[in-house]
Amino acid sequence: MRLLFVVVLLSGLAWASPGTPCSEQPYTLETPEGLAGGGNLEFDGDVAIFTDGACLETKGLRLQAPSLRYDQAEGLLTAQQIEVETPRYRFWAEESQIKNQVLQAHGIRVTTCRCGDDLRMLSQSLRFDTKSGEVVLEDSRLEAYRLGLARFDALRLDVNQPLSENLGLHSTEASTLIFPLRLDFDQGLNLGLSEFPLSNTFSGRFSTRITLLGLRLGSPDPVLRLGFSGQEEGRRARLELDLKSSGPASRGEVVDGPVFFTHDSEKGRFAFGLKQSFALDGFTLIPYAWFAQDWRDGTPATQEQGLAAGAELRYRFELQEGPFRFRLEPFGVLGFYNQPQQYLAYGGQVEGHYRADFSVRLGYAWAIESTPGRFWLERRETTQKLSGSLQYQQIQLQTEHDFLKNQTQASLRIGYAQSYGEVWAQLNSCWNCVGKTLSNGRDDWERRELVVGFTPVPLTCTYDLNLSPLLGYDFLRQGVSRWGLELRYADCCLIWRLGYQEVRIAQDPSEVPNGKLVFGLEIR
């Protein structure tokens, strides 16, 4: 007897059900597609009926239902109240039928929660074409704590991806926020919505976002930020407007294939033009043309405005032999302006890498400008840097030497990993580093900072919490440079984050001594 039904239906799902394995059921049937089982097996003509813990199990798949009915003559499987569990999702359906490797189900509920369903997707119907691997939830809505967040005509869901990726909620940070609510304190209170997603009802992805933020509230220079961004294949647009006492400021870009427009009012920059890449083997040719304006030193006194056209040529050569890898990427830029001036820049990168029981990397980057470029878009700043890194088990060393500035930076990190987390220490140093001014008016030529901390293992249990402390000490000024503490708590659906960090002695020109309070949420 051949039961060609459920395995093809949900191929590729990884199951982690706490129930009894099908192989341990009283009645089992080995099929070319997997193992079917149950506490009871009956036949009604050509219909095989599994009941009493009916299930189907194969590599990467487990399905449970009160009963499974398979009509061998019609090749149709019907089941009610099916329950499915994967490492990322749990599924329920009131009614379902499978035929020709297509699942049709009704009364769908999907959640990522470990217990309960405070965060869930509700759908009238589901269609799963196993040939293409496409899952579509028809007429669905996203809810959190019974509060409706979005509705979709058709939501395409890949059960092997996190919910945030399926919904297009990507973040530049290590973790993705389910609710784009910003609440922190950094030189003032920051409160509002940051890139709040608006759903695309057809594609089922949050491709449009809005921003409404109050920044540095309570400080002498508060900011109200309004923003909009959207994207689709080959196109994207972004606009931010800052309203503040010193005057409004805006920045943004619009890209449609090779055509683009970008601007930043605070830097006095804008450009409208064309830029396209053409690749052939290891070569990449990037012709460009634009009308632009730039403030070279950030003030209107050095304003440049006009036309620019030219091309950039790159060649990428890679060689890998066992644990060794070598990469060479030279480039050249030739540009012309609407005045008696041309721009020529050339340089490249060379890097060698060895990865085995330990990892070693050595690289050199250089760039030479024959004449200064007029606009930031074509400029390739003069560079001459040698960098390297070494990693062995929990020891990491990174260093960089800038020949033009005669400046060397290095960091050494040593960790001690245990089952509960990692205790680590990192020494950050910089020799002959200019740019930060001390409170007494002297330039800071060197930096020595030791930071120690603890990174716990990721939360896996429900109603669990952990703490991540860090403490920094400045040896040159002989004082605490920074400290911080982050609390993470996991409930059934979310991981809640609350942290505070304070910079007491700035180590970088971009750092400002102050305290920062951060609140965030993550999807489990």
# chains A, B, ... in the order shown; residues from 1 in each chain; ligands from 1

call {"tool": "residues_around", "arguments": {"residues": "Glu95 of chain A", "least_positions_apart": "6", "cutoff": "8 Å", "atoms": "only C-alpha atoms", "output": "PyMOL selection string"}}
result
chain A and resi 78-82+105-107

call {"tool": "residues_around", "arguments": {"residues": "Leu485 of chain A", "least_positions_apart": "4", "cutoff": "9 Å", "atoms": "only C-alpha atoms", "output": "list of chain:residue names"}}
result
A:Leu467, A:Ser468, A:Pro469, A:Leu470, A:Leu471, A:Leu498, A:Gly499, A:Tyr500, A:Gln501

call {"tool": "write_last_selection", "arguments": {"atoms": "all heavy atoms", "output": "short mmCIF file (atom, residue, chain, number, x, y, z; two decimals), in the first residue's frame"}}
result
data_model
loop_
_atom_site.label_atom_id
_atom_site.label_comp_id
_atom_site.auth_asym_id
_atom_site.auth_seq_id
_atom_site.Cartn_x
_atom_site.Cartn_y
_atom_site.Cartn_z
N LEU A 467 21.63 38.93 32.56
CA LEU A 467 22.23 40.25 32.70
C LEU A 467 23.53 40.28 31.91
O LEU A 467 24.30 39.31 31.90
CB LEU A 467 22.51 40.58 34.17
CG LEU A 467 21.30 40.78 35.08
CD1 LEU A 467 21.75 40.92 36.52
CD2 LEU A 467 20.51 42.01 34.65
N SER A 468 23.80 41.44 31.27
CA SER A 468 25.04 41.63 30.52
C SER A 468 25.72 42.90 31.02
O SER A 468 25.38 44.00 30.59
CB SER A 468 24.75 41.74 29.01
OG SER A 468 24.07 40.62 28.53
N PRO A 469 26.68 42.79 31.93
CA PRO A 469 27.39 43.98 32.42
C PRO A 469 28.67 44.23 31.64
O PRO A 469 29.24 43.32 31.02
CB PRO A 469 27.70 43.61 33.87
CG PRO A 469 27.88 42.12 33.83
CD PRO A 469 26.98 41.60 32.73
N LEU A 470 29.14 45.48 31.66
CA LEU A 470 30.46 45.81 31.13
C LEU A 470 31.01 47.00 31.91
O LEU A 470 30.27 47.83 32.43
CB LEU A 470 30.44 46.10 29.63
CG LEU A 470 29.70 47.34 29.11
CD1 LEU A 470 30.59 48.58 29.13
CD2 LEU A 470 29.21 47.09 27.69
N LEU A 471 32.35 47.06 31.97
CA LEU A 471 33.04 48.12 32.71
C LEU A 471 34.33 48.44 32.00
O LEU A 471 35.10 47.54 31.64
CB LEU A 471 33.33 47.66 34.15
CG LEU A 471 34.10 48.64 35.04
CD1 LEU A 471 33.26 49.88 35.31
CD2 LEU A 471 34.51 47.96 36.34
N LEU A 498 16.15 45.93 28.40
CA LEU A 498 16.27 47.21 29.10
C LEU A 498 17.73 47.38 29.50
O LEU A 498 18.28 46.55 30.24
CB LEU A 498 15.37 47.24 30.34
CG LEU A 498 15.41 48.54 31.15
CD1 LEU A 498 14.92 49.72 30.31
CD2 LEU A 498 14.58 48.41 32.42
N GLY A 499 18.36 48.42 29.00
CA GLY A 499 19.78 48.60 29.27
C GLY A 499 20.14 50.05 29.52
O GLY A 499 19.43 50.99 29.12
N TYR A 500 21.26 50.24 30.20
CA TYR A 500 21.79 51.58 30.45
C TYR A 500 23.30 51.54 30.23
O TYR A 500 24.01 50.63 30.71
CB TYR A 500 21.50 52.02 31.89
CG TYR A 500 22.06 53.40 32.20
CD1 TYR A 500 21.40 54.55 31.77
CD2 TYR A 500 23.25 53.55 32.90
CE1 TYR A 500 21.91 55.81 32.03
CE2 TYR A 500 23.77 54.80 33.17
CZ TYR A 500 23.09 55.94 32.74
OH TYR A 500 23.60 57.19 32.99
N GLN A 501 23.79 52.50 29.47
CA GLN A 501 25.22 52.64 29.23
C GLN A 501 25.62 54.09 29.48
O GLN A 501 24.90 55.02 29.10
CB GLN A 501 25.58 52.24 27.80
CG GLN A 501 25.37 50.77 27.48
CD GLN A 501 25.83 50.41 26.08
OE1 GLN A 501 26.37 51.26 25.36
NE2 GLN A 501 25.63 49.17 25.69
#

call {"tool": "residues_around", "arguments": {"residues": "Arg235 of chain A", "least_positions_apart": "6", "cutoff": "8 Å", "atoms": "only C-alpha atoms", "output": "PDB file with all heavy atoms, in the first residue's frame"}}
result
ATOM      1  N   VAL A 254      16.385  59.011  -3.897  1.00  0.00           N
ATOM      2  CA  VAL A 254      15.434  58.305  -4.754  1.00  0.00           C
ATOM      3  C   VAL A 254      16.259  57.580  -5.807  1.00  0.00           C
ATOM      4  O   VAL A 254      17.073  58.198  -6.499  1.00  0.00           O
ATOM      5  CB  VAL A 254      14.432  59.263  -5.424  1.00  0.00           C
ATOM      6  CG1 VAL A 254      13.502  58.491  -6.355  1.00  0.00           C
ATOM      7  CG2 VAL A 254      13.623  60.022  -4.378  1.00  0.00           C
ATOM      8  N   VAL A 255      16.046  56.258  -5.923  1.00  0.00           N
ATOM      9  CA  VAL A 255      16.796  55.445  -6.878  1.00  0.00           C
ATOM     10  C   VAL A 255      15.809  54.641  -7.702  1.00  0.00           C
ATOM     11  O   VAL A 255      14.949  53.941  -7.150  1.00  0.00           O
ATOM     12  CB  VAL A 255      17.780  54.502  -6.163  1.00  0.00           C
ATOM     13  CG1 VAL A 255      18.519  53.633  -7.171  1.00  0.00           C
ATOM     14  CG2 VAL A 255      18.769  55.288  -5.313  1.00  0.00           C
ATOM     15  N   ASP A 256      15.927  54.751  -9.011  1.00  0.00           N
ATOM     16  CA  ASP A 256      15.109  53.977  -9.938  1.00  0.00           C
ATOM     17  C   ASP A 256      16.037  53.415 -10.998  1.00  0.00           C
ATOM     18  O   ASP A 256      16.331  54.064 -12.001  1.00  0.00           O
ATOM     19  CB  ASP A 256      14.020  54.849 -10.561  1.00  0.00           C
ATOM     20  CG  ASP A 256      13.059  54.040 -11.433  1.00  0.00           C
ATOM     21  OD1 ASP A 256      13.272  52.817 -11.564  1.00  0.00           O
ATOM     22  OD2 ASP A 256      12.101  54.625 -11.968  1.00  0.00           O
ATOM     23  N   GLY A 257      16.520  52.202 -10.767  1.00  0.00           N
ATOM     24  CA  GLY A 257      17.494  51.621 -11.682  1.00  0.00           C
ATOM     25  C   GLY A 257      18.778  52.424 -11.670  1.00  0.00           C
ATOM     26  O   GLY A 257      19.337  52.717 -10.614  1.00  0.00           O
TER      27      GLY A 257
END

call {"tool": "residues_around", "arguments": {"residues": "segment 322-339 of chain A", "least_positions_apart": "5", "cutoff": "10 Å", "atoms": "only C-alpha atoms", "output": "PyMOL selection string"}}
result
chain A and resi 282-291+305-317+344-357+359-369+373-374+378-380

call {"tool": "atom_distance", "arguments": {"atom1": "atom CA of Arg90 of chain A", "atom2": "atom CA of Cys113 of chain A"}}
result
7.8 Å

call {"tool": "closest_residue", "arguments": {"among": "A:Leu450, A:Cys493, A:Ser429, A:Asp184", "to": "Leu163 of chain A", "atoms": "only C-alpha atoms"}}
result
A:Cys493

call {"tool": "closest_residue", "arguments": {"among": "A:Leu412, A:Leu215, A:Cys115, A:Val480", "to": "Arg524 of chain A", "atoms": "only C-alpha atoms"}}
result
A:Cys115

call {"tool": "atom_distance", "arguments": {"atom1": "atom CA of Pro513 of chain A", "atom2": "atom CA of Asp264 of chain A"}}
result
27.0 Å

call {"tool": "select_by_dssp", "arguments": {"residues": "segment 269-411 of chain A", "states": "strand (DSSP E or B)", "output": "JSON, numbers by chain"}}
result
{"A": [269, 270, 271, 272, 273, 274, 275, 278, 279, 280, 283, 284, 285, 286, 287, 288, 289, 290, 291, 292, 293, 294, 295, 303, 304, 305, 306, 307, 308, 309, 310, 311, 312, 313, 314, 315, 317, 318, 319, 320, 321, 324, 325, 326, 327, 328, 329, 330, 331, 332, 333, 334, 335, 336, 337, 342, 343, 344, 345, 346, 347, 348, 349, 350, 351, 352, 353, 354, 355, 359, 360, 361, 362, 363, 364, 365, 366, 367, 368, 369, 383, 384, 385, 386, 387, 388, 389, 390, 391, 392, 395, 396, 397, 398, 399, 400, 401, 402, 407, 408, 409, 410, 411]}

call {"tool": "write_last_selection", "arguments": {"atoms": "C-alpha atoms", "output": "tab-separated table (two decimals), in the first residue's frame"}}
result
chain	number	residue	atom	x	y	z
A	269	ARG	CA	25.14	68.19	-0.91
A	270	PHE	CA	22.81	67.16	-3.70
A	271	ALA	CA	23.22	65.20	-6.91
A	272	PHE	CA	21.05	64.05	-9.79
A	273	GLY	CA	22.43	61.64	-12.31
A	274	LEU	CA	23.09	58.16	-13.70
A	275	LYS	CA	25.22	55.31	-12.44
A	278	PHE	CA	28.55	46.30	-16.06
A	279	ALA	CA	30.35	43.09	-15.08
A	280	LEU	CA	32.42	40.79	-17.28
A	283	PHE	CA	36.06	43.22	-14.39
A	284	THR	CA	33.42	45.74	-13.32
A	285	LEU	CA	32.91	48.96	-15.26
A	286	ILE	CA	30.82	51.71	-13.64
A	287	PRO	CA	30.16	54.70	-15.91
A	288	TYR	CA	28.56	57.74	-14.28
A	289	ALA	CA	27.27	61.22	-14.99
A	290	TRP	CA	25.66	63.72	-12.63
A	291	PHE	CA	24.97	67.32	-11.77
A	292	ALA	CA	26.00	67.91	-8.16
A	293	GLN	CA	26.77	70.40	-5.41
A	294	ASP	CA	29.12	69.89	-2.48
A	295	TRP	CA	30.57	71.85	0.44
A	303	GLN	CA	30.73	75.32	-2.37
A	304	GLU	CA	31.35	73.46	-5.64
A	305	GLN	CA	28.62	73.03	-8.26
A	306	GLY	CA	28.61	71.64	-11.77
A	307	LEU	CA	28.66	68.60	-14.04
A	308	ALA	CA	30.77	65.47	-13.69
A	309	ALA	CA	31.11	62.43	-15.94
A	310	GLY	CA	33.48	59.52	-16.05
A	311	ALA	CA	33.90	55.86	-15.18
A	312	GLU	CA	35.35	53.56	-12.55
A	313	LEU	CA	37.02	50.29	-13.51
A	314	ARG	CA	37.62	47.51	-11.01
A	315	TYR	CA	39.16	44.07	-11.34
A	317	PHE	CA	41.06	38.39	-8.61
A	318	GLU	CA	40.59	35.62	-6.05
A	319	LEU	CA	42.56	32.47	-5.42
A	320	GLN	CA	41.75	29.82	-2.83
A	321	GLU	CA	43.77	26.73	-2.06
A	324	PHE	CA	44.55	29.81	2.10
A	325	ARG	CA	42.70	32.60	0.31
A	326	PHE	CA	44.15	35.51	-1.66
A	327	ARG	CA	42.25	38.51	-3.04
A	328	LEU	CA	43.49	41.39	-5.20
A	329	GLU	CA	41.18	44.24	-6.28
A	330	PRO	CA	42.78	47.22	-8.06
A	331	PHE	CA	40.66	50.13	-9.33
A	332	GLY	CA	40.92	53.33	-11.30
A	333	VAL	CA	38.60	56.34	-11.61
A	334	LEU	CA	38.74	58.86	-14.45
A	335	GLY	CA	36.38	61.82	-14.37
A	336	PHE	CA	35.79	65.04	-16.28
A	337	TYR	CA	34.08	68.29	-15.23
A	342	GLN	CA	39.92	66.28	-14.72
A	343	TYR	CA	40.00	63.74	-11.90
A	344	LEU	CA	42.19	60.67	-11.68
A	345	ALA	CA	42.38	58.28	-8.76
A	346	TYR	CA	43.76	54.77	-8.56
A	347	GLY	CA	44.53	52.22	-5.90
A	348	GLY	CA	43.27	48.90	-4.64
A	349	GLN	CA	43.20	46.27	-1.95
A	350	VAL	CA	45.23	43.13	-1.46
A	351	GLU	CA	44.41	40.60	1.23
A	352	GLY	CA	45.65	37.20	2.33
A	353	HIS	CA	43.68	34.93	4.65
A	354	TYR	CA	44.43	31.62	6.35
A	355	ARG	CA	41.65	29.73	8.14
A	359	SER	CA	42.73	32.41	11.54
A	360	VAL	CA	45.21	35.00	10.24
A	361	ARG	CA	44.42	37.90	7.92
A	362	LEU	CA	46.78	40.48	6.44
A	363	GLY	CA	45.63	43.27	4.13
A	364	TYR	CA	46.84	46.46	2.51
A	365	ALA	CA	44.66	49.21	1.03
A	366	TRP	CA	45.87	52.22	-0.90
A	367	ALA	CA	44.47	55.04	-3.02
A	368	ILE	CA	46.14	57.95	-4.76
A	369	GLU	CA	44.44	61.09	-6.11
A	383	THR	CA	44.66	56.10	1.70
A	384	GLN	CA	47.61	53.97	2.74
A	385	LYS	CA	46.70	51.46	5.44
A	386	LEU	CA	48.07	48.12	6.57
A	387	SER	CA	45.74	45.94	8.65
A	388	GLY	CA	45.81	42.48	10.16
A	389	SER	CA	43.99	40.17	12.51
A	390	LEU	CA	44.63	36.95	14.41
A	391	GLN	CA	42.07	34.66	16.03
A	392	TYR	CA	42.77	31.51	18.02
A	395	ILE	CA	41.73	35.18	21.58
A	396	GLN	CA	41.26	37.90	18.96
A	397	LEU	CA	43.82	40.49	17.89
A	398	GLN	CA	43.12	43.30	15.40
A	399	THR	CA	45.53	46.02	14.35
A	400	GLU	CA	45.80	48.77	11.73
A	401	HIS	CA	48.54	51.22	10.79
A	402	ASP	CA	47.81	54.39	8.80
A	407	GLN	CA	48.91	56.28	13.48
A	408	THR	CA	48.51	52.75	14.87
A	409	GLN	CA	45.39	51.25	16.43
A	410	ALA	CA	45.06	47.82	18.03
A	411	SER	CA	42.58	45.83	20.06

call {"tool": "closest_residue", "arguments": {"among": "A:Ala154, A:Ile49, A:Leu56, A:Leu226", "to": "Glu30 of chain A", "atoms": "only C-alpha atoms"}}
result
A:Leu56

call {"tool": "residues_around", "arguments": {"residues": "Phe228 of chain A", "least_positions_apart": "2", "cutoff": "10 Å", "atoms": "only C-alpha atoms", "output": "number ranges by chain"}}
result
A: 194-196, 208-212, 226, 230, 237-241, 252

call {"tool": "residues_around", "arguments": {"residues": "segment 221-224 of chain A", "least_positions_apart": "3", "cutoff": "9 Å", "atoms": "only C-alpha atoms", "output": "list in words"}}
result
Gly188, Leu212, Leu213, Gly214, Leu215, Arg216, Leu217, Gly218, Leu241, Asp242, Leu243, Lys244, Ser245 and Ser246 of chain A

call {"tool": "write_last_selection", "arguments": {"atoms": "N, CA and C atoms", "output": "compact mmCIF listing (two decimals), in the first residue's frame"}}
result
# COMPACT_ATOMS: atom_id res chain seq x y z
N GLY A 188 19.22 63.51 26.00
CA GLY A 188 17.82 63.90 26.03
C GLY A 188 16.95 62.69 25.74
N LEU A 212 8.28 59.09 12.95
CA LEU A 212 7.81 60.26 13.68
C LEU A 212 8.48 60.23 15.05
N LEU A 213 9.55 61.01 15.20
CA LEU A 213 10.42 60.91 16.36
C LEU A 213 10.66 62.27 16.99
N GLY A 214 10.67 62.28 18.31
CA GLY A 214 11.17 63.41 19.05
C GLY A 214 12.53 63.05 19.62
N LEU A 215 13.57 63.78 19.25
CA LEU A 215 14.94 63.47 19.65
C LEU A 215 15.48 64.55 20.58
N ARG A 216 16.26 64.09 21.56
CA ARG A 216 16.92 64.98 22.52
C ARG A 216 15.89 65.90 23.21
N LEU A 217 14.73 65.34 23.51
CA LEU A 217 13.70 66.13 24.19
C LEU A 217 14.17 66.50 25.58
N GLY A 218 13.99 67.76 25.97
CA GLY A 218 14.48 68.24 27.26
C GLY A 218 15.85 68.85 27.20
N LEU A 241 13.10 64.64 7.41
CA LEU A 241 13.04 66.08 7.64
C LEU A 241 13.18 66.32 9.14
N ASP A 242 14.18 67.11 9.54
CA ASP A 242 14.42 67.46 10.94
C ASP A 242 13.99 68.91 11.17
N LEU A 243 13.11 69.10 12.14
CA LEU A 243 12.69 70.43 12.55
C LEU A 243 13.32 70.73 13.90
N LYS A 244 14.15 71.80 13.97
CA LYS A 244 14.85 72.15 15.19
C LYS A 244 15.03 73.65 15.26
N SER A 245 15.45 74.10 16.44
CA SER A 245 15.55 75.55 16.68
C SER A 245 16.57 76.22 15.77
N SER A 246 17.63 75.50 15.40
CA SER A 246 18.66 76.09 14.54
C SER A 246 18.26 76.13 13.08

call {"tool": "residues_around", "arguments": {"residues": "Val503 of chain A", "least_positions_apart": "4", "cutoff": "10 Å", "atoms": "only C-alpha atoms", "output": "list in words"}}
result
Gly472, Val480, Ser481, Arg482, Trp483, Gly484, Gln507, Glu511, Val512, Pro513, Asn514, Gly515 and Lys516 of chain A

call {"tool": "atom_distance", "arguments": {"atom1": "atom CA of Val84 of chain A", "atom2": "atom CA of Arg62 of chain A"}}
result
7.0 Å
